Structures are given as structure tokens and as C-alpha cells.
file target-v8.cif (mmCIF, C-alpha atoms)
data_input
#
loop_
_atom_site.label_atom_id
_atom_site.label_comp_id
_atom_site.auth_asym_id
_atom_site.auth_seq_id
_atom_site.Cartn_x
_atom_site.Cartn_y
_atom_site.Cartn_z
CA MET A 591 0.00 0.00 0.00
CA GLN A 592 1.11 3.55 -0.72
CA THR A 593 1.95 5.64 2.31
CA LEU A 594 1.67 9.38 2.05
CA ILE A 595 4.19 11.43 3.98
CA ASN A 596 3.68 15.19 4.33
CA VAL A 597 6.96 17.05 4.23
CA GLY A 598 6.76 20.37 6.08
CA VAL A 599 8.58 23.65 5.50
CA ALA A 600 12.35 23.18 5.90
CA GLN A 601 12.02 19.42 6.26
CA MET A 602 13.53 16.54 4.33
CA GLU A 603 12.37 12.96 3.85
CA ILE A 604 14.00 9.93 2.26
CA ALA A 605 11.77 7.05 1.19
CA THR A 606 11.45 4.04 -1.09
CA ASN A 607 8.81 2.51 -3.35
CA PRO A 608 5.78 2.75 -2.87
CA THR A 609 5.81 5.83 -0.63
CA VAL A 610 4.48 9.19 -1.83
CA LEU A 611 6.08 12.37 -0.52
CA ARG A 612 3.85 15.46 -0.54
CA THR A 613 4.58 19.09 0.14
CA ILE A 614 2.93 22.49 -0.43
CA LEU A 615 5.04 25.24 -1.95
CA GLY A 616 4.93 29.00 -2.32
CA SER A 617 8.33 30.65 -2.85
CA CYS A 618 10.06 27.56 -1.45
CA ILE A 619 11.44 24.83 -3.67
CA GLY A 620 10.64 21.15 -3.47
CA ILE A 621 13.81 19.34 -4.54
CA CYS A 622 13.02 15.76 -5.52
CA ILE A 623 15.87 13.38 -6.26
CA TYR A 624 15.21 9.85 -7.52
CA ASP A 625 17.33 6.77 -8.08
CA LYS A 626 15.57 4.83 -10.80
CA VAL A 627 17.40 1.57 -10.16
CA LYS A 628 17.00 1.53 -6.40
CA LYS A 629 13.48 3.03 -6.66
CA ALA A 630 14.28 5.32 -3.78
CA GLY A 631 14.53 9.04 -3.42
CA GLY A 632 14.11 12.08 -1.25
CA LEU A 633 12.38 15.41 -1.07
CA ALA A 634 13.80 18.53 0.53
CA HIS A 635 11.52 21.54 1.06
CA ILE A 636 13.92 24.47 1.15
CA LEU A 637 12.94 27.96 2.27
CA LEU A 638 16.00 30.02 1.31
CA PRO A 639 19.01 29.74 -1.01
CA SER A 640 21.91 30.08 1.43
CA SER A 641 22.37 29.15 5.05
CA LEU A 642 22.07 31.67 7.84
CA ASP A 643 22.14 29.19 10.71
CA LYS A 644 24.02 25.92 10.72
CA ASP A 645 21.61 23.85 12.79
CA LYS A 646 18.82 23.42 10.22
CA PRO A 647 20.43 22.17 7.01
CA ALA A 648 17.10 21.24 5.37
CA LYS A 649 16.06 24.90 5.36
CA TYR A 650 18.62 26.10 2.80
CA ALA A 651 19.41 24.92 -0.72
CA ASP A 652 23.18 25.02 -0.15
CA THR A 653 23.04 22.73 2.88
CA ALA A 654 19.95 20.66 1.96
CA ILE A 655 21.24 19.36 -1.37
CA PRO A 656 24.51 17.84 -0.04
CA MET A 657 22.59 16.37 2.91
CA LEU A 658 19.91 14.90 0.63
CA LEU A 659 22.58 13.32 -1.59
CA ASN A 660 24.55 11.94 1.36
CA ASN A 661 21.42 10.42 2.87
CA LEU A 662 20.61 8.77 -0.44
CA TYR A 663 24.15 7.40 -0.78
CA LYS A 664 23.79 5.92 2.70
CA GLU A 665 20.67 4.13 1.46
CA GLY A 666 22.71 2.61 -1.33
CA CYS A 667 21.65 5.00 -4.10
CA LYS A 668 24.17 5.75 -6.83
CA LYS A 669 24.79 9.12 -8.43
CA GLU A 670 24.77 7.70 -11.98
CA ASN A 671 21.18 6.51 -11.47
CA MET A 672 19.92 9.76 -9.99
CA SER A 673 17.97 12.60 -11.48
CA ALA A 674 16.15 15.59 -10.04
CA LYS A 675 12.81 17.32 -10.44
CA ILE A 676 12.21 20.69 -8.87
CA ALA A 677 9.05 22.73 -8.28
CA GLY A 678 8.07 25.97 -6.56
CA GLY A 679 9.88 29.29 -6.39
CA ALA A 680 6.78 31.41 -6.96
CA SER A 681 6.85 35.16 -6.35
CA MET A 682 4.34 37.68 -5.10
CA PHE A 683 2.28 39.13 -7.95
CA LYS A 684 2.98 42.75 -7.07
CA PHE A 685 5.84 44.20 -5.11
CA SER A 686 8.26 47.04 -5.21
CA SER A 687 11.26 45.96 -7.26
CA ASN A 688 13.96 46.80 -4.73
CA LEU A 689 12.66 44.37 -2.12
CA SER A 690 14.93 41.36 -1.63
CA LEU A 691 12.22 39.41 0.24
CA ALA A 692 10.09 39.50 -2.87
CA MET A 693 12.93 38.00 -4.91
CA ILE A 694 13.29 34.91 -2.73
CA GLY A 695 11.43 32.68 -5.20
CA GLU A 696 13.79 33.64 -8.01
CA ARG A 697 16.86 33.37 -5.80
CA ASN A 698 15.78 29.90 -4.67
CA ILE A 699 15.36 28.70 -8.25
CA GLU A 700 18.71 30.05 -9.36
CA ARG A 701 20.67 28.59 -6.45
CA THR A 702 18.95 25.20 -6.58
CA ILE A 703 19.64 24.75 -10.29
CA LYS A 704 23.25 25.82 -9.87
CA LEU A 705 23.85 23.47 -6.93
CA LEU A 706 22.30 20.48 -8.72
CA GLU A 707 24.48 21.23 -11.74
CA GLU A 708 27.59 21.47 -9.57
CA ASN A 709 26.73 18.09 -8.10
CA SER A 710 26.16 16.66 -11.60
CA ILE A 711 22.55 15.68 -10.94
CA PRO A 712 20.56 16.13 -14.16
CA ILE A 713 17.36 18.17 -13.79
CA MET A 714 14.51 16.47 -15.67
CA VAL A 715 11.80 18.93 -14.78
CA ALA A 716 11.72 22.46 -13.38
CA ASP A 717 8.11 23.48 -12.76
CA VAL A 718 9.11 26.78 -11.20
CA GLY A 719 8.38 30.49 -10.99
CA GLY A 720 5.18 32.37 -11.68
CA ASN A 721 2.66 33.26 -8.97
CA ASN A 722 0.98 29.92 -8.31
CA GLY A 723 1.10 27.89 -5.15
CA ARG A 724 1.89 24.24 -5.86
CA VAL A 725 0.97 20.98 -4.16
CA ILE A 726 3.42 18.32 -5.27
CA ASP A 727 3.31 14.54 -4.92
CA PHE A 728 6.55 12.64 -5.52
CA PHE A 729 5.91 8.95 -6.20
CA LEU A 730 8.82 6.73 -5.22
CA ALA A 731 7.32 3.82 -7.19
CA ASP A 732 8.53 5.31 -10.48
CA GLY A 733 9.84 8.79 -9.65
CA ARG A 734 6.94 10.62 -11.24
CA LEU A 735 5.97 14.05 -9.96
CA LYS A 736 2.42 15.34 -9.83
CA VAL A 737 2.09 19.12 -9.58
CA ARG A 738 -1.23 20.70 -8.71
CA ALA A 739 -1.41 24.46 -9.28
CA ALA A 740 -4.34 26.86 -9.71
CA GLY A 741 -6.81 23.98 -9.90
CA LYS A 742 -4.85 22.13 -12.62
CA GLU A 743 -2.77 18.98 -12.47
CA LYS A 744 0.35 18.04 -14.39
CA VAL A 745 2.28 14.79 -14.14
CA TYR A 746 5.95 14.53 -15.06
CA TYR A 747 7.22 11.00 -15.70
CA LYS A 748 10.79 11.46 -16.95
CA VAL A 749 13.43 10.09 -14.58
CA MET B 846 -24.04 33.05 -14.79
CA LEU B 847 -21.75 35.73 -13.38
CA THR B 848 -24.50 38.32 -12.90
CA ASN B 849 -26.28 35.51 -11.14
CA ILE B 850 -23.33 35.20 -8.74
CA LYS B 851 -23.44 38.94 -8.02
CA GLU B 852 -27.15 38.77 -7.21
CA ARG B 853 -26.79 35.72 -5.03
CA LEU B 854 -23.88 37.23 -3.10
CA GLU B 855 -25.80 40.47 -2.66
CA GLN B 856 -28.56 38.45 -1.05
CA VAL B 857 -26.12 36.60 1.19
CA VAL B 858 -24.53 39.76 2.58
CA ASN B 859 -27.89 41.41 3.12
CA ASN B 860 -29.25 38.43 4.96
CA LEU B 861 -27.30 37.99 8.17
CA GLY B 862 -28.83 34.56 8.67
CA GLN B 863 -26.82 33.27 5.73
CA LEU B 864 -23.50 34.38 7.19
CA PRO B 865 -21.68 32.10 9.63
CA SER B 866 -22.30 32.38 13.38
CA ILE B 867 -20.00 31.92 16.33
CA PRO B 868 -20.88 31.55 20.01
CA ASP B 869 -22.10 34.92 21.43
CA VAL B 870 -19.52 34.72 24.17
CA ALA B 871 -16.70 35.60 21.72
CA GLY B 872 -18.19 38.97 20.76
CA LYS B 873 -19.08 39.75 24.38
CA VAL B 874 -15.61 38.95 25.69
CA ILE B 875 -13.86 40.93 22.96
CA ASN B 876 -15.92 44.00 23.76
CA MET B 877 -15.63 43.52 27.54
CA VAL B 878 -11.84 43.41 27.34
CA ASN B 879 -11.93 46.85 25.71
CA ASP B 880 -14.33 48.18 28.34
CA PRO B 881 -12.56 49.55 31.43
CA GLU B 882 -15.75 49.00 33.43
CA SER B 883 -15.54 45.21 33.07
CA SER B 884 -13.68 43.28 35.76
CA PHE B 885 -11.72 40.04 35.39
CA ASN B 886 -14.43 38.27 37.35
CA GLN B 887 -17.23 39.48 35.11
CA ILE B 888 -15.33 38.30 32.04
CA ALA B 889 -14.60 34.93 33.63
CA LEU B 890 -18.27 34.61 34.57
CA GLU B 891 -19.36 35.40 31.02
CA ILE B 892 -17.09 32.69 29.63
CA SER B 893 -18.22 30.15 32.22
CA LYS B 894 -21.85 30.53 31.08
CA ASP B 895 -20.90 28.69 27.87
CA GLN B 896 -19.89 25.23 28.93
CA ALA B 897 -18.62 23.99 25.58
CA ILE B 898 -16.39 27.05 25.15
CA THR B 899 -15.16 26.78 28.75
CA THR B 900 -13.99 23.20 28.18
CA ASN B 901 -12.07 24.20 25.07
CA VAL B 902 -10.70 27.35 26.67
CA LEU B 903 -9.25 25.36 29.57
CA LYS B 904 -7.73 22.85 27.18
CA LEU B 905 -6.12 25.68 25.20
CA CYS B 906 -4.88 27.40 28.38
CA ASN B 907 -2.88 24.25 29.05
CA SER B 908 -1.64 23.83 25.48
CA ALA B 909 2.08 24.10 24.80
CA TYR B 910 1.61 27.53 23.21
CA PHE B 911 -0.32 29.26 25.99
CA SER B 912 0.68 27.30 29.10
CA ARG B 913 2.86 28.98 31.73
CA GLY B 914 3.78 25.65 33.29
CA LYS B 915 1.23 25.28 36.06
CA GLU B 916 -1.98 23.48 35.14
CA ILE B 917 -4.98 25.81 34.88
CA LEU B 918 -8.27 24.31 36.02
CA SER B 919 -10.65 27.28 36.02
CA VAL B 920 -11.36 30.32 33.88
CA GLU B 921 -10.86 32.62 36.91
CA ARG B 922 -7.40 31.14 37.39
CA ALA B 923 -6.69 31.60 33.68
CA THR B 924 -7.49 35.32 33.78
CA VAL B 925 -5.06 35.76 36.68
CA THR B 926 -2.25 33.54 35.37
CA LEU B 927 -2.37 34.39 31.67
CA GLY B 928 -3.95 37.84 31.80
CA ILE B 929 -7.21 38.97 30.37
CA LYS B 930 -5.96 39.69 26.86
CA GLU B 931 -4.47 36.23 26.49
CA VAL B 932 -7.72 34.66 27.74
CA LYS B 933 -9.63 36.74 25.18
CA ASP B 934 -7.36 35.37 22.42
CA ILE B 935 -7.97 31.85 23.70
CA VAL B 936 -11.75 32.33 23.71
CA PHE B 937 -11.40 33.57 20.19
CA VAL B 938 -9.46 30.48 19.06
CA ALA B 939 -12.08 28.23 20.67
CA ALA B 940 -15.00 30.16 19.15
CA THR B 941 -13.78 30.39 15.55
CA LYS B 942 -12.27 26.93 15.04
CA SER B 943 -15.45 25.27 13.75
CA ILE B 944 -15.88 27.96 11.09
CA LEU B 945 -12.30 28.05 9.86
CA ASP B 946 -11.17 24.46 10.33
CA LYS B 947 -12.78 22.96 7.25
CA GLU B 948 -12.21 22.32 3.59
CA ILE B 949 -12.43 25.53 1.52
CA ILE B 950 -13.34 24.22 -1.90
CA GLY B 951 -13.02 27.14 -4.36
CA TYR B 952 -9.67 28.17 -2.93
CA ASP B 953 -8.42 24.58 -3.06
CA LEU B 954 -7.64 24.38 0.64
CA ALA B 955 -7.83 20.95 2.29
CA LYS B 956 -9.49 20.65 5.69
CA GLY B 957 -7.23 22.27 8.25
CA ASP B 958 -5.21 24.39 5.79
CA LEU B 959 -7.08 27.67 6.39
CA TRP B 960 -7.09 27.06 10.15
CA LYS B 961 -3.35 26.40 10.28
CA HIS B 962 -2.79 29.41 8.04
CA GLY B 963 -4.82 31.64 10.39
CA LEU B 964 -2.99 30.36 13.47
CA SER B 965 0.40 30.84 11.79
CA VAL B 966 -0.48 34.38 10.69
CA ALA B 967 -1.73 35.03 14.25
CA VAL B 968 1.47 33.81 15.89
CA LEU B 969 3.65 35.69 13.41
CA SER B 970 1.60 38.93 13.63
CA LYS B 971 1.94 38.85 17.40
CA GLN B 972 5.67 38.22 17.08
CA ILE B 973 6.14 41.15 14.68
CA ALA B 974 4.13 43.43 17.02
CA LEU B 975 6.35 42.40 19.94
CA LEU B 976 9.52 42.76 17.86
CA LYS B 977 8.48 46.34 17.10
CA LYS B 978 7.68 46.93 20.80
CA LYS B 979 3.96 47.37 20.14
CA VAL B 980 3.04 45.29 23.17
CA ASP B 981 -0.38 46.95 23.53
CA ILE B 982 -1.61 45.70 20.16
CA ALA B 983 0.07 42.27 20.09
CA ASP B 984 -3.12 40.51 21.21
CA ILE B 985 -5.23 42.24 18.55
CA ALA B 986 -2.65 41.31 15.92
CA PHE B 987 -3.09 37.69 17.06
CA THR B 988 -6.91 37.76 16.87
CA GLY B 989 -6.83 39.58 13.55
CA GLY B 990 -4.39 37.02 12.19
CA ILE B 991 -6.71 34.13 12.98
CA ILE B 992 -9.74 35.69 11.39
CA HIS B 993 -8.35 37.70 8.44
CA ASP B 994 -9.51 35.22 5.77
CA VAL B 995 -12.95 34.41 7.25
CA GLY B 996 -14.60 35.85 4.12
CA LYS B 997 -13.14 32.96 2.11
CA THR B 998 -15.42 30.52 3.93
CA VAL B 999 -18.47 32.22 2.39
CA LEU B 1000 -16.99 33.21 -0.96
CA ALA B 1001 -15.47 29.76 -1.66
CA LEU B 1002 -18.48 28.25 -3.45
CA TYR B 1003 -18.79 31.27 -5.74
CA VAL B 1004 -15.05 31.36 -6.42
CA GLN B 1005 -15.33 27.74 -7.48
CA SER B 1006 -17.77 28.59 -10.27
CA ALA B 1007 -16.04 31.83 -11.28
CA PHE B 1008 -12.43 30.66 -10.87
CA LYS B 1009 -11.50 30.64 -14.57
CA GLU B 1010 -12.95 34.11 -15.12
CA ILE B 1011 -11.18 35.47 -12.04
CA LEU B 1012 -7.82 34.08 -13.10
CA SER B 1013 -8.14 35.29 -16.69
CA LEU B 1014 -9.02 38.77 -15.42
CA VAL B 1015 -5.95 38.69 -13.15
CA ASP B 1016 -3.95 37.86 -16.24
CA SER B 1017 -5.51 40.28 -18.73
CA LYS B 1018 -5.75 43.29 -16.42
CA GLN B 1019 -2.72 42.45 -14.26
CA ILE B 1020 -4.70 42.97 -11.08
CA SER B 1021 -4.45 41.00 -7.85
CA PHE B 1022 -6.73 38.04 -7.17
CA GLN B 1023 -8.95 39.83 -4.69
CA MET B 1024 -9.42 42.78 -7.05
CA ALA B 1025 -10.59 40.34 -9.70
CA GLU B 1026 -12.90 38.69 -7.14
CA LYS B 1027 -14.56 42.03 -6.60
CA GLU B 1028 -14.82 42.85 -10.26
CA ILE B 1029 -16.39 39.52 -11.17
CA MET B 1030 -18.47 38.70 -8.11
CA GLY B 1031 -19.20 42.18 -6.76
CA PHE B 1032 -17.39 41.45 -3.49
CA ASP B 1033 -13.94 40.26 -2.50
CA HIS B 1034 -13.18 38.00 0.47
CA GLN B 1035 -12.08 41.02 2.53
CA GLU B 1036 -15.47 42.73 2.20
CA ILE B 1037 -17.40 39.54 2.91
CA GLY B 1038 -15.21 39.04 5.97
CA GLU B 1039 -16.00 42.54 7.18
CA LYS B 1040 -19.75 41.83 6.87
CA ILE B 1041 -19.30 38.66 8.92
CA LEU B 1042 -17.48 40.57 11.66
CA SER B 1043 -20.23 43.18 11.69
CA LYS B 1044 -22.75 40.42 12.27
CA TRP B 1045 -20.65 39.26 15.22
CA SER B 1046 -20.47 42.86 16.60
CA PHE B 1047 -16.68 42.79 16.59
CA PRO B 1048 -14.67 45.99 17.20
CA GLN B 1049 -13.76 48.23 14.29
CA ILE B 1050 -10.04 47.47 14.49
CA LEU B 1051 -10.65 43.78 13.75
CA LYS B 1052 -12.99 44.71 10.91
CA ASP B 1053 -10.23 46.91 9.47
CA ILE B 1054 -7.73 44.03 9.60
CA VAL B 1055 -10.13 41.76 7.73
CA ARG B 1056 -11.16 44.47 5.25
CA TYR B 1057 -7.69 45.74 4.31
CA HIS B 1058 -5.23 42.87 4.82
CA HIS B 1059 -4.37 42.82 1.09
CA GLU B 1060 -4.41 46.62 0.70
CA PRO B 1061 -3.00 48.00 3.97
CA GLU B 1062 -2.24 51.36 2.34
CA SER B 1063 -6.02 51.97 2.14
CA ALA B 1064 -6.65 51.23 5.84
CA PRO B 1065 -7.81 54.12 8.07
CA ALA B 1066 -4.95 55.92 9.85
CA ASP B 1067 -5.94 54.52 13.27
CA SER B 1068 -5.53 50.93 12.22
CA LYS B 1069 -2.86 51.23 9.54
CA LEU B 1070 -0.07 49.85 11.72
CA ILE B 1071 -1.90 46.73 12.83
CA VAL B 1072 -3.31 46.06 9.37
CA SER B 1073 0.22 46.38 7.97
CA ILE B 1074 1.54 43.90 10.53
CA VAL B 1075 -1.08 41.29 9.62
CA HIS B 1076 -0.51 42.01 5.92
CA ILE B 1077 3.20 41.23 6.21
CA ALA B 1078 2.61 38.13 8.34
CA ASN B 1079 0.06 36.90 5.81
CA VAL B 1080 2.39 37.40 2.84
CA ILE B 1081 5.28 35.68 4.60
CA CYS B 1082 3.11 32.67 5.50
CA LEU B 1083 1.79 32.43 1.93
CA MET B 1084 5.31 32.65 0.50
CA GLY B 1085 6.22 29.79 2.82
CA GLY B 1086 3.29 27.83 1.38
CA ILE B 1087 1.31 27.93 4.65
CA GLY B 1088 -2.33 27.99 3.58
CA ILE B 1089 -1.54 28.85 -0.03
CA GLY B 1090 -4.52 28.01 -2.22
CA SER B 1091 -5.77 28.46 -5.75
CA ASP B 1092 -5.27 32.23 -5.42
CA GLY B 1093 -1.57 31.46 -5.01
CA LEU B 1094 0.64 34.50 -4.61
CA TYR B 1095 -1.61 36.61 -6.86
CA HIS B 1096 -1.49 39.28 -4.18
CA GLN B 1097 0.67 42.27 -3.45
CA LEU B 1098 3.45 42.68 -0.93
CA SER B 1099 2.96 46.29 0.14
CA ASP B 1100 6.04 48.46 0.43
CA ALA B 1101 3.98 51.01 2.34
CA ALA B 1102 3.15 48.35 4.95
CA ILE B 1103 6.82 47.50 5.42
CA GLN B 1104 7.58 51.17 5.96
CA THR B 1105 4.63 51.65 8.32
CA VAL B 1106 5.82 48.77 10.50
CA GLY B 1107 9.43 49.92 10.13
CA LEU B 1108 10.98 46.61 9.10
CA LYS B 1109 14.41 46.48 7.50
CA GLU B 1110 15.24 44.06 4.68
CA THR B 1111 17.40 41.97 6.98
CA GLU B 1112 14.64 41.80 9.60
CA LEU B 1113 12.10 40.69 6.99
CA GLU B 1114 14.38 37.96 5.73
CA ARG B 1115 15.07 36.77 9.27
CA ILE B 1116 11.33 36.63 9.98
CA TYR B 1117 10.83 34.61 6.81
CA ALA B 1118 13.71 32.28 7.70
CA ASN B 1119 12.11 31.71 11.09
CA LEU B 1120 8.87 30.44 9.56
CA PRO B 1121 9.33 26.77 10.56
CA ASP B 1122 9.40 27.90 14.20
CA ILE B 1123 6.19 29.90 13.70
CA VAL B 1124 4.51 26.84 12.20
CA ASN B 1125 5.63 24.77 15.20
CA GLN B 1126 4.24 27.34 17.62
CA ALA B 1127 0.95 27.44 15.71
CA SER B 1128 0.62 23.67 15.86
CA ALA B 1129 1.11 23.88 19.65
CA ILE B 1130 -2.24 25.71 19.84
CA GLN B 1131 -4.66 22.82 20.39
#

call {"tool": "encode", "arguments": {"input": "target-v8.cif", "output": "C-alpha cells"}}
result
Amino acid sequence: MQTLINVGVAQMEIATNPTVLRTILGSCIGICIYDKVKKAGGLAHILLPSSLDKDKPAKYADTAIPMLLNNLYKEGCKKENMSAKIAGGASMFKFSSNLSLAMIGERNIERTIKLLEENSIPIMVADVGGNNGRVIDFFLADGRLKVRAAGKEKVYYKV
Amino acid sequence: MLTNIKERLEQVVNNLGQLPSIPDVAGKVINMVNDPESSFNQIALEISKDQAITTNVLKLCNSAYFSRGKEILSVERATVTLGIKEVKDIVFVAATKSILDKEIIGYDLAKGDLWKHGLSVAVLSKQIALLKKKVDIADIAFTGGIIHDVGKTVLALYVQSAFKEILSLVDSKQISFQMAEKEIMGFDHQEIGEKILSKWSFPQILKDIVRYHHEPESAPADSKLIVSIVHIANVICLMGGIGIGSDGLYHQLSDAAIQTVGLKETELERIYANLPDIVNQASAIQ
């Protein structure tokens, strides 16, 4: 039976087939990494691009990604079988342009993509930006990602 | 169909019976707290008349968020230990839960999402008020935070039928979601919320929070600060995905509000970074 695990803000979960990892995103990014051979993966719900405090690695892209990868290696996952899907990074519809808070969505997207590239994890899907909230379901059975935004659903299968 | 929605909504707001109700005790206590003539004992007595509320109030007094350590077994004790403003906030949580803690269809919020959103905005609004040394309004910021989206509970069904039109208007006119709500349905969720609070005989300052939380720059001078605080808390929670629905982030982040509250960029970012802690505090209210 499928178990559904809700991943909260600044949390990370590692799971295997047939678990489903769900999270709800605004400006945050849901980073989903999948090992297609091992049928295992993890989801990190990051809030900000770069770490301010050292004690909560899952909160920041630059600490969450290495931790997510290390945890997957510990589970026996291999880098050559891994790929990533990312979602989120929305921005407020209207804001004054000099406000750095309002740019967090964009900053999160940029940093996440760069860090995944530096770690040589190919990004299959980036459902990011815009002004929509997103509810995402990451299926560890086959690595597919379901994104629900503004009343519409999309499913991404590529792993 | 859309003119039909306008007519139906017009009827709803003009017929108080169709708007949600909460236990009378909430309105009475809120107004008594603002009345210097009311004593702690009178307020405690008023609460005790409603047994269901009293049970929930005592439970909340001993919750991880409100508890001061020692177990509280009576409302009188609560007013002494926690203070009258805190007890008022607790009564408010107990009285509004049944209205807010449900699925909100048109906005795509699962059961519990709007409630958790309100509690998170409440906790964060209070924290911002305290950070800015506005101790005297921290409790009102909390109450306003809980209730700011109450209009969504009534508007939801209509938003469900008009959703496509609302979103395409947002897109074509580049206006925020609640402006498009108003244009298409005649009312936005802020105005419906204000009507609901009028029915409950709530004080003007709470009505202002509900009415202007997406447009704090339009709030009356008297309530501009508190409306701005709740506005910022709401935006930060939505950006963090807390209670984000089909209206997404199709709202504004008001520069004027940030200036009114006097928050620096670094402070704002720190508040945002601290969101997981706010969510934890909000989930300790039960």
C-alpha cells in the first residue's frame, strides 16, 4: 500500500517505493531526487538559497542538497542513477522591485539549479516560478511528480 | 451566470442569517476586554456561562503555546495567570475553530489548511508586534491574524464557479486576485469578511484588519499599523506555502506596509527564515 508522507517547510524525507512524498510550496522549492534503479529518493523543502544558521540544514538549498545526496548514498543509491525534479519558487504578484524578500522565489530557483548542476545531478523537470502555489506529490514507485497548481494537475514522468 | 453570482452574493450579505455564526460569548468577551468597566471576574463569569467554550478554553490554556507551566483548572485562574488579553485570544481560538477548520473548496484548501494558516499568521503577527515593541496591540494582531480570511469561507463556493474568469481577469488586467474577485463577483473575500465581523459585533479594528489585509495602504490611519503587521505576516506565510490556495501568490506585498511597520530588509528575511518555528508554535495551539 502507498503511504503518504507530508513534508513540512524546511524538512527533508527519504523514502522508497511505494511511498508518496507530498509538500505544499509558495516561494520555497521542493527538490526531488530519484534513483531509478534503487526506486528510492528524497524530497527537501527548502525555504531560502543560502544558510544563515548551521543547525537546520534542510532549510537552505546550499546545505539541503549535499545532505539529501549523502542520505541517499547511505541508502545505497548511486549518483549515476539519480535525477532531479524541482518545483516551486513562486513570487508575489505585485511588489516594489527593490525588495529582496520579494525575490526569494527567483533566488531559490537560481541557487537550486546551480547546486544540482555542480553536483552533476541532471534536472529532468523544473516546474518553477510564476505566482501559483503548488501541491506536489513525488511517487517513489517510479519517480513521477504530480504538480497541482491553480486547480490544474500536471504529471511529469521522466526520470 | 456571473450576474447571477453577483445577485446571489448580494442576497447573502444582506441576509445575516446566511452568514456564519460563532458563540455569542466571543463577541461579548472581545468587547468587555476593551471596556474599562468590566472586571476580570465578570469576564470569567461570562465565559463560564458557555460550557462547551469553557472546556475548550481550559484545554487551550494548558496547550504548549499558551501554558505557563502550572496546570490551569478554572477560567478565573486563567485570567489571573495568563492575563485577560491572552484569555480573550484563547476564547477567540475556541469560538472560531469550527468555522475556519474545514475544507475551503473554491480556494483549493484541504481541511485544516485555512485554520493552520490563520494560526500561523496570528502567531507571526503577534511576534512582529512584539519585535516592534507594540506590546499593547500584540493581542489584537493575534486575533486579527486568525480571522483575516474568514470571508473565504463564504466566498469559496462562488469562487469555485467563477475561478476561470477570475484568473483570466488577473492575467488580462494584471490585477491581484482579490481585485478580480470584486470585479467579477461584486465582493472580495475582505469585504465579505468585514460583513461577517459586523454580524458578530466585533470591534472596528478587527474589521479593518479583515477588510484591508491585502491593501493595507487603504486602511484608516488609526488601524494602519496593525493592518500592515497582519498584511506582512500573511504574505510571509503564503510565501512559505502555509495555507496557499488556488489564489496562489496573486497578491501584493505592500512596500507602504513594510515602511509603516518599520521593518528592515534583513529583519524581513530573518522573519521569513524563522517560519518553521512559527509553524511549530501554531501547531502547539490545540

call {"tool": "interface_residues", "arguments": {"input": "target-v8.cif", "of": "chain B", "to": "chain A", "cutoff": "8 Å", "atoms": "only C-alpha atoms", "output": "PyMOL selection string"}}
result
chain B and resi 953+1021+1083-1087+1089-1100+1110+1113-1114+1118+1120-1121

call {"tool": "residues_around", "arguments": {"input": "target-v8.cif", "residues": "Ile604 in chain A", "least_positions_apart": "5", "cutoff": "9 Å", "atoms": "only C-alpha atoms", "output": "VMD selection string"}}
result
chain A and resid 611 630 to 634 658 661 to 662 665

call {"tool": "write_last_selection", "arguments": {"input": "target-v8.cif", "atoms": "C-alpha atoms", "output": "mmCIF file, in the coordinates of the input"}}
result
data_model
loop_
_atom_site.group_PDB
_atom_site.id
_atom_site.type_symbol
_atom_site.label_atom_id
_atom_site.label_comp_id
_atom_site.auth_asym_id
_atom_site.auth_seq_id
_atom_site.Cartn_x
_atom_site.Cartn_y
_atom_site.Cartn_z
ATOM 1 C CA LEU A 611 6.080 12.370 -0.520
ATOM 2 C CA ALA A 630 14.280 5.320 -3.780
ATOM 3 C CA GLY A 631 14.530 9.040 -3.420
ATOM 4 C CA GLY A 632 14.110 12.080 -1.250
ATOM 5 C CA LEU A 633 12.380 15.410 -1.070
ATOM 6 C CA ALA A 634 13.800 18.530 0.530
ATOM 7 C CA LEU A 658 19.910 14.900 0.630
ATOM 8 C CA ASN A 661 21.420 10.420 2.870
ATOM 9 C CA LEU A 662 20.610 8.770 -0.440
ATOM 10 C CA GLU A 665 20.670 4.130 1.460
#

call {"tool": "closest_residue", "arguments": {"input": "target-v8.cif", "among": "A:Lys748, A:Ile621, A:Lys629, A:Cys667", "to": "Thr609 in chain A", "atoms": "only C-alpha atoms"}}
result
A:Lys629

call {"tool": "atom_distance", "arguments": {"input": "target-v8.cif", "atom1": "CA of Ile1116 in chain B", "atom2": "CA of Ala1078 in chain B"}}
result
9.0 Å

call {"tool": "atom_distance", "arguments": {"input": "target-v8.cif", "atom1": "CA of Ile867 in chain B", "atom2": "CA of Asn1079 in chain B"}}
result
23.2 Å

call {"tool": "residues_around", "arguments": {"input": "target-v8.cif", "residues": "Ser965 in chain B", "least_positions_apart": "5", "cutoff": "7 Å", "atoms": "only C-alpha atoms", "output": "list in words"}}
result
Ile1123, Val1124 and Ala1127 of chain B

call {"tool": "write_last_selection", "arguments": {"input": "target-v8.cif", "atoms": "C-alpha atoms", "output": "mmCIF file, keeping the file's coordinate frame"}}
result
data_model
loop_
_atom_site.group_PDB
_atom_site.id
_atom_site.type_symbol
_atom_site.label_atom_id
_atom_site.label_comp_id
_atom_site.auth_asym_id
_atom_site.auth_seq_id
_atom_site.Cartn_x
_atom_site.Cartn_y
_atom_site.Cartn_z
ATOM 1 C CA ILE B 1123 6.190 29.900 13.700
ATOM 2 C CA VAL B 1124 4.510 26.840 12.200
ATOM 3 C CA ALA B 1127 0.950 27.440 15.710
#

call {"tool": "resolve_selection", "arguments": {"input": "target-v8.cif", "expression": "the PyMOL selection byres ((chain B and resi 1042) around 12)", "output": "NGL selection string"}}
result
:B and (858 or 861 or 864-867 or 871-872 or 875 or 941 or 989 or 992-996 or 1035-1041 or 1043-1056)

call {"tool": "closest_residue", "arguments": {"input": "target-v8.cif", "among": "A:Arg612, A:Lys704, A:Lys628, A:Lys646", "to": "Leu735 in chain A", "atoms": "all atoms listed in the file"}}
result
A:Arg612

call {"tool": "decode", "arguments": {"input": "target-v8.cif", "residues": "range 964-987 of chain B", "atoms": "C-alpha atoms", "output": "compact mmCIF listing (two decimals), in the first residue's frame"}}
result
# COMPACT_ATOMS: atom_id res chain seq x y z
CA LEU B 964 -2.99 30.36 13.47
CA SER B 965 0.40 30.84 11.79
CA VAL B 966 -0.48 34.38 10.69
CA ALA B 967 -1.73 35.03 14.25
CA VAL B 968 1.47 33.81 15.89
CA LEU B 969 3.65 35.69 13.41
CA SER B 970 1.60 38.93 13.63
CA LYS B 971 1.94 38.85 17.40
CA GLN B 972 5.67 38.22 17.08
CA ILE B 973 6.14 41.15 14.68
CA ALA B 974 4.13 43.43 17.02
CA LEU B 975 6.35 42.40 19.94
CA LEU B 976 9.52 42.76 17.86
CA LYS B 977 8.48 46.34 17.10
CA LYS B 978 7.68 46.93 20.80
CA LYS B 979 3.96 47.37 20.14
CA VAL B 980 3.04 45.29 23.17
CA ASP B 981 -0.38 46.95 23.53
CA ILE B 982 -1.61 45.70 20.16
CA ALA B 983 0.07 42.27 20.09
CA ASP B 984 -3.12 40.51 21.21
CA ILE B 985 -5.23 42.24 18.55
CA ALA B 986 -2.65 41.31 15.92
CA PHE B 987 -3.09 37.69 17.06
